[in-house]
Amino acid sequence: MKKFIVTVDGPAASGKQKIAKYISKKWNLSHLDSGILYRRIALIFSKNKIDLNNHRQVNDCLSKINAISYRNNKIIRTQEISNVASKIAINKLVRKKINFLQYEYVKNLNKRGFVIDGRDIGSKVFKDANLKLYIEVNVKIRAKRRYKQLIDSGEKSIYQKILKDIKLRDKTDINRKYSPLVIPKGAHIIDNNSSFNKTIKQITTIFNKYQ
Ligand code: C5P
């Protein structure tokens with residue numbers, strides 16, 4: 001049976017994860033946050049001091065990764081890991097491995113449908129998804145929200161640095177050669193600049209039309 005797929009793409013700190021979690025609960029779909037996979041591999045690369053320019057080192061390290069945790073964790077949410085994840089995400093071999101892990105996850109998990117969030121999910125990984133969303137938020141609002149999130153979780157943080165890091169991650173995501181961040185063909189654009197309630201209303205209207 002073909003599985004029902006909803007994709008949620010958007011730039012860093014645009015609220016994709018929160019939106020995908022909401023959709024998952026409300027419409028009973030399994031949630032996969034592809035950013036977690038990039039963050040987990042970023043952590044492995046950092047620990048093993050993998051040189052991204054060294055093709056063999058990258059290949060060897062990736063080939064040893066058979067299972068990966070899809071769970072969120074504080075250790076992969078630091079600003080440092082965010083920056084490393086964005087750097088490793090330009091690598092073709094890393095993207096290929098992560099896409100493979102996502103296909104396997106969706107294929108093997110006995111669930112009728114999935115909501116998957118990331119940067120290239122509707123444009124590349126699941127091009128024929130049933131429903132595609134693209135989240136838009138002004139960069140300063142994104143930086144303010146991320147700053148608050150980090151402070152609330154106990155990490156030391158400086159707003160100006162967060163803003164600079166998010167702008168750099170946007171630039172890296174938009175300009176990379178493989179699977180750059182784009183609005184997927186056929187995606188519904190969701191304005192997540194104001195309250196979460198307003199965002200939810202837009203999404204519910206789309207889902208109601210679809211059903
Ligand atoms: O979404 P999140 O911020 O957790 O993702 C971490 C990094 O992984 C992003 O900055 C992005 O560069 C990369 N990523 C990606 N493609 C995805 C998901 C994440 O390139 N589908």
# chains A, B, ... in the order shown; residues from 1 in each chain; ligands from 1
>>> residues_near_ligand(ligand="ligand 1", cutoff="6 Å", atoms="only C-alpha atoms and all ligand atoms", output="VMD selection string")
chain A and resid 12 34 to 36 38 to 39 82 85 to 86 89 118 to 121 169 173
>>> residues_around(residues="segment 144-152 of chain A", least_positions_apart="3", cutoff="10 Å", atoms="only C-alpha atoms", output="ChimeraX atom specification")
/A:12-15,77-79,139-141,155-163,166
>>> residues_around(residues="Asp33 of chain A", least_positions_apart="3", cutoff="8 Å", atoms="only C-alpha atoms", output="ChimeraX atom specification")
/A:17,36-37,70,116-118
>>> write_last_selection(atoms="C-alpha atoms", output="mmCIF file, in the first residue's frame")
data_model
loop_
_atom_site.group_PDB
_atom_site.id
_atom_site.type_symbol
_atom_site.label_atom_id
_atom_site.label_comp_id
_atom_site.auth_asym_id
_atom_site.auth_seq_id
_atom_site.Cartn_x
_atom_site.Cartn_y
_atom_site.Cartn_z
ATOM 1 C CA GLN A 17 9.406 20.827 13.719
ATOM 2 C CA ILE A 36 17.820 15.162 13.347
ATOM 3 C CA LEU A 37 19.654 12.869 10.922
ATOM 4 C CA TYR A 70 15.726 9.463 15.144
ATOM 5 C CA ILE A 116 8.472 14.660 7.250
ATOM 6 C CA ASP A 117 10.185 17.987 7.764
ATOM 7 C CA GLY A 118 13.422 19.379 6.373
#
>>> closest_residue(among="A:Lys209, A:Lys201, A:Lys132, A:Lys171", to="Pro184 of chain A", atoms="only C-alpha atoms")
A:Lys132
>>> select_by_dssp(residues="chain A", states="strand (DSSP E or B)", output="list in words")
Phe4, Ile5, Val6, Thr7, Val8, Asp9, Ser30, His31, Leu32, Asp33, Gly113, Phe114, Val115, Ile116, Asp117, Gly118, Leu131, Lys132, Leu133, Tyr134, Ile135, Glu136, His188, Ile189, Ile190 and Asp191 of chain A
>>> closest_residue(among="A:Ala20, A:Tyr210, A:Gly10, A:Asp51", to="Leu131 of chain A", atoms="only C-alpha atoms")
A:Tyr210
>>> residues_around(residues="segment 24-29 of chain A", least_positions_apart="3", cutoff="12 Å", atoms="only C-alpha atoms", output="PyMOL selection string")
chain A and resi 3-8+16-21+32-33+106+109-117+200+203-204+207-208+211
>>> closest_residue(among="A:Asn99, A:Ser123, A:Asn83, A:Gln57", to="Ser179 of chain A", atoms="only C-alpha atoms")
A:Ser123
>>> select_by_dssp(residues="chain A", states="helix (DSSP H, G or I)", output="VMD selection string")
chain A and resid 16 to 26 34 to 47 55 to 63 74 to 76 79 to 88 92 to 108 121 to 125 139 to 152 159 to 175 196 to 210
>>> atom_distance(atom1="atom CA of Lys124 of chain A", atom2="atom CA of His31 of chain A")
18.0 Å
>>> atom_distance(atom1="atom CA of Ala42 of chain A", atom2="atom CA of Val84 of chain A")
5.7 Å
>>> closest_residue(among="A:Ala187, A:Ile50, A:Ile98, A:Ile23", to="Ala129 of chain A", atoms="only C-alpha atoms")
A:Ala187
